[in-house]
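**Student:** PDB, C-alpha atoms, saved as start-v8.pdb, coming up:
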ATOM      1  CA  MET A   1       0.000   0.000   0.000
ATOM      2  CA  SER A   2       1.426   3.366  -0.945
ATOM      3  CA  ILE A   3       1.558   6.547   1.102
ATOM      4  CA  SER A   4      -1.778   8.032   2.095
ATOM      5  CA  PRO A   5      -2.841  11.059   0.013
ATOM      6  CA  ALA A   6      -3.192  13.003   3.271
ATOM      7  CA  TRP A   7       0.599  13.129   3.490
ATOM      8  CA  TYR A   8       0.894  14.555   0.004
ATOM      9  CA  LEU A   9      -1.797  17.109   0.753
ATOM     10  CA  SER A  10      -0.098  18.163   3.991
ATOM     11  CA  LEU A  11       3.178  18.606   2.137
ATOM     12  CA  SER A  12       1.297  20.561  -0.511
ATOM     13  CA  VAL A  13      -0.196  22.868   2.136
ATOM     14  CA  VAL A  14       3.208  23.526   3.674
ATOM     15  CA  LEU A  15       4.825  24.136   0.285
ATOM     16  CA  PHE A  16       2.028  26.508  -0.717
ATOM     17  CA  CYS A  17       2.382  28.445   2.526
ATOM     18  CA  ILE A  18       6.139  28.790   2.117
ATOM     19  CA  GLY A  19       5.544  30.141  -1.387
ATOM     20  CA  ALA A  20       2.876  32.554  -0.165
ATOM     21  CA  PHE A  21       5.191  33.727   2.592
ATOM     22  CA  GLY A  22       7.903  34.384   0.033
ATOM     23  CA  VAL A  23       5.561  36.416  -2.164
ATOM     24  CA  LEU A  24       4.512  38.469   0.849
ATOM     25  CA  VAL A  25       7.972  39.068   2.269
ATOM     26  CA  ARG A  26      10.483  39.290  -0.562
ATOM     27  CA  ARG A  27      10.792  42.536  -2.486
ATOM     28  CA  ASN A  28      12.727  41.269  -5.503
ATOM     29  CA  VAL A  29      10.272  40.720  -8.354
ATOM     30  CA  LEU A  30      12.232  37.754  -9.715
ATOM     31  CA  ILE A  31      12.161  35.947  -6.375
ATOM     32  CA  MET A  32       8.467  36.719  -6.010
ATOM     33  CA  PHE A  33       7.975  34.962  -9.348
ATOM     34  CA  MET A  34       9.907  31.955  -8.101
ATOM     35  CA  CYS A  35       7.675  31.833  -5.025
ATOM     36  CA  VAL A  36       4.620  31.837  -7.291
ATOM     37  CA  GLU A  37       6.175  28.818  -9.001
ATOM     38  CA  LEU A  38       6.441  27.136  -5.598
ATOM     39  CA  MET A  39       2.729  27.727  -5.033
ATOM     40  CA  LEU A  40       1.869  26.316  -8.454
ATOM     41  CA  ASN A  41       3.953  23.239  -7.674
ATOM     42  CA  ALA A  42       2.085  22.784  -4.412
ATOM     43  CA  SER A  43      -1.188  22.769  -6.321
ATOM     44  CA  ASN A  44       0.277  20.308  -8.825
ATOM     45  CA  LEU A  45       1.217  17.991  -5.992
ATOM     46  CA  ALA A  46      -2.330  18.141  -4.632
ATOM     47  CA  PHE A  47      -3.795  17.487  -8.082
ATOM     48  CA  VAL A  48      -1.663  14.403  -8.579
ATOM     49  CA  ALA A  49      -2.490  13.150  -5.088
ATOM     50  CA  PHE A  50      -6.214  13.470  -5.805
ATOM     51  CA  ALA A  51      -5.801  11.896  -9.237
ATOM     52  CA  ARG A  52      -4.169   8.924  -7.585
ATOM     53  CA  GLN A  53      -6.757   8.715  -4.845
ATOM     54  CA  LEU A  54      -9.735   8.917  -7.181
ATOM     55  CA  HIS A  55      -8.098   6.906  -9.973
ATOM     56  CA  ASP A  56      -8.982   9.676 -12.392
ATOM     57  CA  ILE A  57      -6.414  10.698 -14.973
ATOM     58  CA  GLY A  58      -8.091  14.116 -15.250
ATOM     59  CA  GLY A  59      -6.045  15.381 -12.323
ATOM     60  CA  GLN A  60      -2.820  14.637 -14.147
ATOM     61  CA  VAL A  61      -4.107  16.286 -17.320
ATOM     62  CA  LEU A  62      -4.907  19.369 -15.242
ATOM     63  CA  VAL A  63      -1.316  19.400 -13.961
ATOM     64  CA  PHE A  64      -0.228  19.393 -17.597
ATOM     65  CA  PHE A  65      -2.318  22.498 -18.231
ATOM     66  CA  VAL A  66      -0.972  24.161 -15.091
ATOM     67  CA  LEU A  67       2.530  23.578 -16.426
ATOM     68  CA  VAL A  68       1.638  25.239 -19.729
ATOM     69  CA  VAL A  69       0.044  28.231 -18.010
ATOM     70  CA  ALA A  70       3.044  28.520 -15.671
ATOM     71  CA  ALA A  71       5.383  28.593 -18.645
ATOM     72  CA  ALA A  72       3.326  31.301 -20.362
ATOM     73  CA  GLU A  73       3.095  33.290 -17.142
ATOM     74  CA  VAL A  74       6.850  33.179 -16.600
ATOM     75  CA  VAL A  75       7.551  34.232 -20.182
ATOM     76  CA  VAL A  76       5.233  37.254 -20.036
ATOM     77  CA  GLY A  77       6.232  38.121 -16.474
ATOM     78  CA  LEU A  78       9.939  38.101 -17.219
ATOM     79  CA  GLY A  79       9.244  40.191 -20.339
ATOM     80  CA  ILE A  80       7.563  42.749 -18.109
ATOM     81  CA  VAL A  81      10.477  42.625 -15.663
ATOM     82  CA  VAL A  82      12.944  43.275 -18.498
ATOM     83  CA  ALA A  83      10.800  46.150 -19.810
ATOM     84  CA  ILE A  84      10.567  47.720 -16.343
ATOM     85  CA  PHE A  85      14.270  47.239 -15.739
ATOM     86  CA  ARG A  86      14.985  49.296 -18.880
ATOM     87  CA  ARG A  87      13.141  52.243 -17.375
ATOM     88  CA  ARG A  88      13.925  51.976 -13.672
ATOM     89  CA  ALA A  89      17.129  49.859 -13.485
ATOM     90  CA  SER A  90      15.654  47.982 -10.536
ATOM     91  CA  THR A  91      13.852  44.744  -9.814
ATOM     92  CA  ASN A  92      12.658  45.906  -6.422
ATOM     93  CA  ALA A  93       8.890  45.860  -6.103
ATOM     94  CA  ASP A  94       8.961  48.918  -3.843
ATOM     95  CA  ASP A  95      10.436  51.028  -6.635
ATOM     96  CA  LEU A  96       7.529  50.301  -8.955
ATOM     97  CA  HIS A  97       5.062  52.950  -7.912
ATOM     98  CA  LEU A  98       4.459  54.618 -11.274
ATOM     99  CA  MET A  99       0.708  54.300 -10.902
ATOM    100  CA  LYS A 100       0.613  55.518  -7.318
ATOM    101  CA  GLY A 101      -1.753  58.472  -6.945
TER     102      GLY A 101
ATOM    103  CA  MET B   1       1.266  16.538  16.624
ATOM    104  CA  THR B   2       1.653  12.830  17.231
ATOM    105  CA  ALA B   3      -2.129  12.513  17.254
ATOM    106  CA  LEU B   4      -2.233  14.323  13.924
ATOM    107  CA  LEU B   5       0.348  11.977  12.461
ATOM    108  CA  GLY B   6      -1.428   9.000  13.953
ATOM    109  CA  VAL B   7      -4.626   9.886  12.136
ATOM    110  CA  PHE B   8      -2.730  10.137   8.880
ATOM    111  CA  VAL B   9      -1.028   6.803   9.269
ATOM    112  CA  THR B  10      -4.091   4.885  10.382
ATOM    113  CA  SER B  11      -6.387   6.441   7.785
ATOM    114  CA  SER B  12      -5.201   3.844   5.300
ATOM    115  CA  SER B  13      -3.326   0.597   5.553
ATOM    116  CA  HIS B  14       0.355   0.825   6.359
ATOM    117  CA  PRO B  15       2.641   1.941   3.539
ATOM    118  CA  THR B  16       5.764  -0.030   2.769
ATOM    119  CA  LEU B  17       9.109   1.096   4.096
ATOM    120  CA  PRO B  18      10.713   2.076   0.745
ATOM    121  CA  ASP B  19       7.728   4.267  -0.065
ATOM    122  CA  VAL B  20       7.986   6.002   3.285
ATOM    123  CA  GLY B  21      11.714   6.518   2.836
ATOM    124  CA  VAL B  22      11.364   7.956  -0.655
ATOM    125  CA  PHE B  23       8.533  10.201   0.456
ATOM    126  CA  ALA B  24      10.450  11.447   3.502
ATOM    127  CA  VAL B  25      13.603  12.206   1.524
ATOM    128  CA  ALA B  26      11.676  13.908  -1.280
ATOM    129  CA  ALA B  27       9.633  15.954   1.187
ATOM    130  CA  ALA B  28      12.803  17.043   2.962
ATOM    131  CA  ILE B  29      14.332  18.065  -0.385
ATOM    132  CA  ILE B  30      11.189  19.969  -1.353
ATOM    133  CA  LEU B  31      10.897  21.862   1.926
ATOM    134  CA  ALA B  32      14.623  22.638   2.132
ATOM    135  CA  GLY B  33      14.546  23.947  -1.432
ATOM    136  CA  ALA B  34      11.416  26.009  -0.834
ATOM    137  CA  ILE B  35      12.859  27.612   2.291
ATOM    138  CA  GLY B  36      16.074  28.219   0.385
ATOM    139  CA  VAL B  37      14.167  30.048  -2.372
ATOM    140  CA  VAL B  38      12.609  32.358   0.193
ATOM    141  CA  VAL B  39      15.667  33.098   2.345
ATOM    142  CA  ALA B  40      18.488  33.141  -0.219
ATOM    143  CA  ARG B  41      20.070  36.552  -0.631
ATOM    144  CA  ASN B  42      21.365  35.987  -4.138
ATOM    145  CA  PRO B  43      18.672  35.457  -6.839
ATOM    146  CA  VAL B  44      20.892  32.867  -8.552
ATOM    147  CA  HIS B  45      20.924  30.796  -5.370
ATOM    148  CA  SER B  46      17.136  31.124  -5.207
ATOM    149  CA  ALA B  47      16.825  29.768  -8.744
ATOM    150  CA  LEU B  48      19.086  26.808  -7.909
ATOM    151  CA  MET B  49      17.053  26.072  -4.789
ATOM    152  CA  LEU B  50      13.957  26.186  -6.964
ATOM    153  CA  VAL B  51      15.495  23.439  -9.131
ATOM    154  CA  MET B  52      15.935  21.359  -5.984
ATOM    155  CA  THR B  53      12.275  21.760  -5.047
ATOM    156  CA  LEU B  54      11.092  20.951  -8.568
ATOM    157  CA  PHE B  55      13.240  17.832  -8.588
ATOM    158  CA  GLY B  56      11.718  16.725  -5.298
ATOM    159  CA  VAL B  57       8.229  17.241  -6.685
ATOM    160  CA  ALA B  58       9.196  15.167  -9.735
ATOM    161  CA  VAL B  59      10.305  12.350  -7.400
ATOM    162  CA  LEU B  60       6.915  12.457  -5.684
ATOM    163  CA  PHE B  61       5.217  12.332  -9.104
ATOM    164  CA  VAL B  62       7.138   9.135  -9.834
ATOM    165  CA  LEU B  63       6.093   7.769  -6.452
ATOM    166  CA  GLN B  64       2.466   8.387  -7.433
ATOM    167  CA  GLN B  65       2.831   6.637 -10.791
ATOM    168  CA  ALA B  66       2.652   9.923 -12.690
ATOM    169  CA  SER B  67       5.791   9.197 -14.667
ATOM    170  CA  PHE B  68       4.890  11.352 -17.666
ATOM    171  CA  LEU B  69       4.359  14.379 -15.439
ATOM    172  CA  ALA B  70       7.648  13.703 -13.676
ATOM    173  CA  ALA B  71       9.464  13.822 -17.004
ATOM    174  CA  VAL B  72       7.587  16.950 -18.066
ATOM    175  CA  GLN B  73       8.319  18.526 -14.698
ATOM    176  CA  VAL B  74      12.053  18.037 -15.104
ATOM    177  CA  ILE B  75      12.129  19.035 -18.779
ATOM    178  CA  VAL B  76       9.776  22.029 -18.713
ATOM    179  CA  TYR B  77      10.318  23.408 -15.229
ATOM    180  CA  ALA B  78      13.940  22.636 -14.476
ATOM    181  CA  GLY B  79      15.028  22.676 -18.090
ATOM    182  CA  ALA B  80      13.150  25.670 -19.450
ATOM    183  CA  ILE B  81      11.544  27.856 -16.817
ATOM    184  CA  VAL B  82      14.435  27.962 -14.355
ATOM    185  CA  VAL B  83      16.894  28.474 -17.198
ATOM    186  CA  LEU B  84      14.735  31.405 -18.316
ATOM    187  CA  PHE B  85      14.879  32.779 -14.787
ATOM    188  CA  LEU B  86      18.652  32.420 -14.675
ATOM    189  CA  PHE B  87      18.959  33.987 -18.114
ATOM    190  CA  VAL B  88      16.973  37.049 -17.047
ATOM    191  CA  ILE B  89      18.848  37.335 -13.728
ATOM    192  CA  MET B  90      22.188  37.340 -15.508
ATOM    193  CA  PHE B  91      20.956  39.424 -18.435
ATOM    194  CA  LEU B  92      19.832  42.180 -16.081
ATOM    195  CA  GLY B  93      22.905  41.785 -13.906
ATOM    196  CA  VAL B  94      20.940  41.657 -10.678
ATOM    197  CA  ASP B  95      22.826  38.643  -9.329
ATOM    198  CA  LYS B  96      24.150  40.568  -6.353
ATOM    199  CA  GLU B  97      23.593  39.898  -2.706
ATOM    200  CA  GLU B  98      20.659  41.832  -1.380
ATOM    201  CA  ASN B  99      20.043  42.801   2.186
ATOM    202  CA  VAL B 100      17.284  40.452   3.278
ATOM    203  CA  ALA B 101      17.278  41.744   6.843
ATOM    204  CA  ALA B 102      16.136  45.211   5.747
ATOM    205  CA  GLU B 103      12.410  45.554   6.271
ATOM    206  CA  PRO B 104      10.925  48.272   4.096
ATOM    207  CA  LEU B 105       7.444  48.108   5.574
ATOM    208  CA  ARG B 106       7.320  48.036   9.329
ATOM    209  CA  GLY B 107       5.412  45.100  10.749
ATOM    210  CA  GLN B 108       4.961  43.423   7.396
ATOM    211  CA  ARG B 109       7.080  40.407   8.209
ATOM    212  CA  PRO B 110       5.416  39.455  11.531
ATOM    213  CA  LEU B 111       2.059  39.979   9.875
ATOM    214  CA  ALA B 112       3.055  37.716   6.979
ATOM    215  CA  VAL B 113       4.291  35.039   9.397
ATOM    216  CA  ALA B 114       1.039  35.241  11.353
ATOM    217  CA  LEU B 115      -1.165  35.077   8.270
ATOM    218  CA  VAL B 116       0.745  32.190   6.719
ATOM    219  CA  ALA B 117       0.819  30.240   9.989
ATOM    220  CA  LEU B 118      -2.899  30.834  10.386
ATOM    221  CA  GLY B 119      -3.569  29.657   6.828
ATOM    222  CA  ALA B 120      -1.405  26.551   7.204
ATOM    223  CA  THR B 121      -2.867  25.458  10.523
ATOM    224  CA  GLY B 122      -6.360  26.243   9.273
ATOM    225  CA  LEU B 123      -5.924  24.078   6.202
ATOM    226  CA  LEU B 124      -4.321  21.239   8.139
ATOM    227  CA  LEU B 125      -7.054  21.308  10.774
ATOM    228  CA  LEU B 126      -9.691  21.458   8.079
ATOM    229  CA  GLY B 127      -8.189  18.301   6.664
ATOM    230  CA  GLN B 128      -8.593  16.648  10.044
ATOM    231  CA  VAL B 129     -12.139  17.778  10.759
ATOM    232  CA  SER B 130     -13.667  17.306   7.347
ATOM    233  CA  ARG B 131     -12.098  14.500   5.399
ATOM    234  CA  TRP B 132      -9.767  15.562   2.621
ATOM    235  CA  THR B 133     -10.169  12.358   0.759
ATOM    236  CA  THR B 134     -13.096  10.045   0.635
ATOM    237  CA  GLY B 135     -11.095   6.942   1.301
ATOM    238  CA  GLN B 136     -12.955   5.348  -1.581
ATOM    239  CA  PRO B 137     -10.724   4.836  -4.578
ATOM    240  CA  HIS B 138     -12.136   4.099  -8.027
ATOM    241  CA  VAL B 139     -14.726   6.825  -7.716
ATOM    242  CA  ALA B 140     -14.198   8.392 -11.112
ATOM    243  CA  GLY B 141     -12.445   5.429 -12.577
ATOM    244  CA  SER B 142     -10.887   6.638 -15.808
ATOM    245  CA  ASP B 143      -7.481   5.380 -14.643
ATOM    246  CA  THR B 144      -7.776   1.798 -15.814
ATOM    247  CA  GLY B 145      -4.228   0.764 -15.073
ATOM    248  CA  ALA B 146      -2.922   1.228 -18.611
ATOM    249  CA  PRO B 147       0.483   2.922 -18.928
ATOM    250  CA  ASN B 148       0.429   6.489 -17.698
ATOM    251  CA  VAL B 149       1.453   8.077 -20.995
ATOM    252  CA  ASN B 150      -1.279   6.238 -22.904
ATOM    253  CA  LEU B 151      -3.923   7.397 -20.474
ATOM    254  CA  ILE B 152      -2.830  11.013 -20.507
ATOM    255  CA  GLY B 153      -2.511  11.065 -24.283
ATOM    256  CA  LYS B 154      -5.931   9.547 -24.798
ATOM    257  CA  SER B 155      -7.534  11.896 -22.309
ATOM    258  CA  LEU B 156      -5.735  14.917 -23.723
ATOM    259  CA  TYR B 157      -6.811  14.262 -27.299
ATOM    260  CA  THR B 158     -10.394  13.244 -26.583
ATOM    261  CA  THR B 159     -11.918  14.730 -23.436
ATOM    262  CA  TYR B 160      -9.608  17.704 -23.145
ATOM    263  CA  LEU B 161      -9.066  18.398 -26.835
ATOM    264  CA  PHE B 162     -10.455  21.934 -26.796
ATOM    265  CA  PRO B 163      -8.477  23.072 -23.718
ATOM    266  CA  PHE B 164      -5.407  21.513 -25.299
ATOM    267  CA  GLU B 165      -5.873  23.571 -28.456
ATOM    268  CA  ALA B 166      -6.581  26.641 -26.334
ATOM    269  CA  THR B 167      -3.221  26.206 -24.581
ATOM    270  CA  SER B 168      -1.478  26.327 -27.945
ATOM    271  CA  ALA B 169      -3.174  29.670 -28.612
ATOM    272  CA  LEU B 170      -2.146  30.784 -25.121
ATOM    273  CA  LEU B 171       1.485  29.912 -25.795
ATOM    274  CA  ILE B 172       1.477  31.803 -29.099
ATOM    275  CA  ILE B 173      -0.018  34.837 -27.360
ATOM    276  CA  ALA B 174       2.593  34.581 -24.605
ATOM    277  CA  VAL B 175       5.446  34.431 -27.120
ATOM    278  CA  VAL B 176       4.144  37.448 -29.042
ATOM    279  CA  GLY B 177       3.553  39.333 -25.792
ATOM    280  CA  ALA B 178       7.066  38.606 -24.541
ATOM    281  CA  VAL B 179       8.594  39.772 -27.824
ATOM    282  CA  VAL B 180       6.558  42.996 -27.761
ATOM    283  CA  LEU B 181       7.372  43.649 -24.097
ATOM    284  CA  ALA B 182      11.073  42.920 -24.232
ATOM    285  CA  ARG B 183      11.710  44.798 -27.473
ATOM    286  CA  ARG B 184      13.531  48.099 -27.146
ATOM    287  CA  PRO B 185      11.394  51.141 -27.757
ATOM    288  CA  PRO B 186      11.685  51.822 -31.493
ATOM    289  CA  ALA B 187      12.847  55.442 -31.062
ATOM    290  CA  ALA B 188      16.309  54.540 -29.851
ATOM    291  CA  THR B 189      16.952  51.305 -31.718
ATOM    292  CA  SER B 190      18.234  52.149 -35.184
ATOM    293  CA  SER B 191      21.512  54.007 -35.405
ATOM    294  CA  GLU B 192      20.189  55.685 -38.545
ATOM    295  CA  GLN B 193      17.548  57.522 -36.535
ATOM    296  CA  ILE B 194      20.128  58.581 -33.941
ATOM    297  CA  GLU B 195      22.274  60.052 -36.717
ATOM    298  CA  GLU B 196      19.261  61.853 -38.122
ATOM    299  CA  ALA B 197      18.511  63.322 -34.711
ATOM    300  CA  ASP B 198      22.148  64.409 -34.308
ATOM    301  CA  ALA B 199      22.141  66.023 -37.757
ATOM    302  CA  ALA B 200      18.944  67.891 -36.970
ATOM    303  CA  LEU B 201      20.489  69.211 -33.758
ATOM    304  CA  ALA B 202      23.627  70.257 -35.604
ATOM    305  CA  VAL B 203      21.646  72.198 -38.213
ATOM    306  CA  ARG B 204      19.657  73.961 -35.558
ATOM    307  CA  ASP B 205      22.630  74.879 -33.397
ATOM    308  CA  PRO B 206      25.895  74.836 -35.411
ATOM    309  CA  GLY B 207      27.995  76.894 -33.007
ATOM    310  CA  PRO B 208      31.097  75.512 -31.179
ATOM    311  CA  GLY B 209      29.597  75.766 -27.716
ATOM    312  CA  THR B 210      27.325  72.742 -28.043
ATOM    313  CA  THR B 211      27.358  69.317 -26.442
ATOM    314  CA  ASP B 212      29.717  66.520 -27.522
ATOM    315  CA  GLY B 213      27.915  64.736 -30.330
ATOM    316  CA  THR B 214      26.377  67.785 -31.908
ATOM    317  CA  GLY B 215      29.625  69.735 -31.607
ATOM    318  CA  ASP B 216      31.459  67.150 -33.770
ATOM    319  CA  ALA B 217      28.657  67.136 -36.320
ATOM    320  CA  GLY B 218      28.678  70.938 -36.449
ATOM    321  CA  GLY B 219      32.455  71.000 -37.031
ATOM    322  CA  ASP B 220      32.173  68.581 -39.956
ATOM    323  CA  ALA B 221      29.476  70.720 -41.519
TER     324      ALA B 221
END
Can you give me the file's structure in the form of structure tokens?
**Tutor:**
Amino acid sequence: MSISPAWYLSLSVVLFCIGAFGVLVRRNVLIMFMCVELMLNASNLAFVAFARQLHDIGGQVLVFFVLVVAAAEVVVGLGIVVAIFRRRASTNADDLHLMKG
Amino acid sequence: MTALLGVFVTSSSHPTLPDVGVFAVAAAIILAGAIGVVVARNPVHSALMLVMTLFGVAVLFVLQQASFLAAVQVIVYAGAIVVLFLFVIMFLGVDKEENVAAEPLRGQRPLAVALVALGATGLLLLGQVSRWTTGQPHVAGSDTGAPNVNLIGKSLYTTYLFPFEATSALLIIAVVGAVVLARRPPAATSSEQIEEADAALAVRDPGPGTTDGTGDAGGDA
């Protein structure tokens, strides 16, 4: 008998919370992106655990789609970071207050 | 805590020792990597820690018989996304140590710790009170025990055909968006336009007391 899905889900919760903590605390936009990746991986882990528990391949297909969306998100996000860096020479989120009233 | 663990262990029949060992090692790798991503001062170190976490997740995918996803995880995440991160970090030249101890917003860090701890304990307790999993496998039952890649391929090209095609459109849009975003603004790109601008300045102000570039152009004229 393999590991209970509860273990995978607990690990997923902890991983998600570490990622959320990183997004909240770090000020470097690149590292905030990496923390978003951690959160996406936590959700992937939960999806696969449920797919295994329910014997439904749909969970794994959903992980596939999450991977694609993560790739697209990183590409566009890093494009934005490069574009902002051209103007402000900084990747610090606190420096990006162009739209502040 | 021991009660919590006890519920987890007894909620299903006992797992075999190799499974437990692999899970424990992979979980330790994942958590160490995740904490490393958050606390590392150098963005390059963060990216390398992210690779560690992604590798651990791939190991857990293998442990759950999701071998195709494990391969995709290593190839797409570790092979493409993290390399993209590293490329941008080094392209921008921001791979310097940053002062993590500095706290720009007062009280933000304790608040973040409190909120995250609250969320984590809430979720874990929720999993204890209301059952996370039904304990009844074979509910949906499309996983018939065929090889993993066959199942995913069949599902992807039948049930999920339209989302699959939509992701291809999404990727095209992302590529075009990245090219548009990362392109230099057209005003300063071509050297021809810069020369035109210099010449226009020189015509307007041909005297010797001008700035560097226009002064040279004025002398030639």
**Student:** Run the ChimeraX specification (/B :<6) & /A against the file shown and list the residues it catches, as a VMD selection string.
**Tutor:** chain A and resid 1 to 3 17 22 53 to 57 72 76 79 83
**Student:** Selection from above, C-alpha atoms, as an mmCIF file, keeping the file's coordinate frame, can you write it?
**Tutor:**
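What follows is the written file part-v1.cif:
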data_model
loop_
_atom_site.group_PDB
_atom_site.id
_atom_site.type_symbol
_atom_site.label_atom_id
_atom_site.label_comp_id
_atom_site.auth_asym_id
_atom_site.auth_seq_id
_atom_site.Cartn_x
_atom_site.Cartn_y
_atom_site.Cartn_z
ATOM 1 C CA MET A 1 0.000 0.000 0.000
ATOM 2 C CA SER A 2 1.426 3.366 -0.945
ATOM 3 C CA ILE A 3 1.558 6.547 1.102
ATOM 4 C CA CYS A 17 2.382 28.445 2.526
ATOM 5 C CA GLY A 22 7.903 34.384 0.033
ATOM 6 C CA GLN A 53 -6.757 8.715 -4.845
ATOM 7 C CA LEU A 54 -9.735 8.917 -7.181
ATOM 8 C CA HIS A 55 -8.098 6.906 -9.973
ATOM 9 C CA ASP A 56 -8.982 9.676 -12.392
ATOM 10 C CA ILE A 57 -6.414 10.698 -14.973
ATOM 11 C CA ALA A 72 3.326 31.301 -20.362
ATOM 12 C CA VAL A 76 5.233 37.254 -20.036
ATOM 13 C CA GLY A 79 9.244 40.191 -20.339
ATOM 14 C CA ALA A 83 10.800 46.150 -19.810
#
**Student:** Using Å and a single decimal, report how far CA of Leu9 (chain A) sits from CA of Phe47 (chain A).
**Tutor:**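 If I compute the distance from CA of Phe47 (chain A) to CA of Leu9 (chain A), I get 9.1 Å.
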**Student:** Quick one, how far is CA of Leu15 (chain A) from CA of Leu38 (chain A)?
**Tutor:**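 CA of Leu15 (chain A) sits 6.8 Å away from CA of Leu38 (chain A).
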**Student:** Would you work out the distance separating CA of Phe50 (chain A) from CA of Ser67 (chain B), expressed in Å to one decimal?
**Tutor:**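 Between CA of Phe50 (chain A) and CA of Ser67 (chain B) the gap works out to 15.5 Å.
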**Student:** Write out as a ChimeraX atom specification which residues come within 9 Å of Phe16 (chain A) when counting all atoms listed in the file, dropping same-chain ones fewer than 5 positions away.
**Tutor:** /A:11,21,35-36,38-43 /B:120
**Student:** Could you name the residues that touch Ile84 (chain A) at 9 Å or less, counting all atoms listed in the file, but leaving out those on the same chain fewer than 6 positions away, as a list in words?
**Tutor:**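 Final neighbour list, sorted by chain and number: Ser90, Thr91 and Leu96 of chain A.
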**Student:** Any chance you could export the current selection's C-alpha atoms as a PDB file, in the frame of the given file?
**Tutor:**
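The resulting file, result-v4.pdb, is reproduced below:
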ATOM      1  CA  SER A  90      15.654  47.982 -10.536  1.00  0.00           C
ATOM      2  CA  THR A  91      13.852  44.744  -9.814  1.00  0.00           C
ATOM      3  CA  LEU A  96       7.529  50.301  -8.955  1.00  0.00           C
TER       4      LEU A  96
END
**Student:** Nearest to Met32 (chain A): which of A:Val14, A:Leu45, A:Val74, A:Ala6 is it, counting all atoms listed in the file?
**Tutor:**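 So, comparing all the options, the nearest one is A:Val74.
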**Student:** Apply the PyMOL selection byres ((chain A and resi 63) around 9) to the structure shown and report the selected residues as a list of chain:residue names.
**Tutor:** A:Ser43, A:Asn44, A:Leu45, A:Phe47, A:Val48, A:Gly58, A:Gly59, A:Gln60, A:Val61, A:Leu62, A:Phe64, A:Phe65, A:Val66, A:Leu67, A:Val68, B:Leu69
**Student:** Closest to Val62 (chain B) among A:Val69, A:Val82, A:Ala49, A:Leu30, using only C-alpha atoms?
**Tutor:**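 Smallest separation from Val62 (chain B) among the options: A:Ala49.
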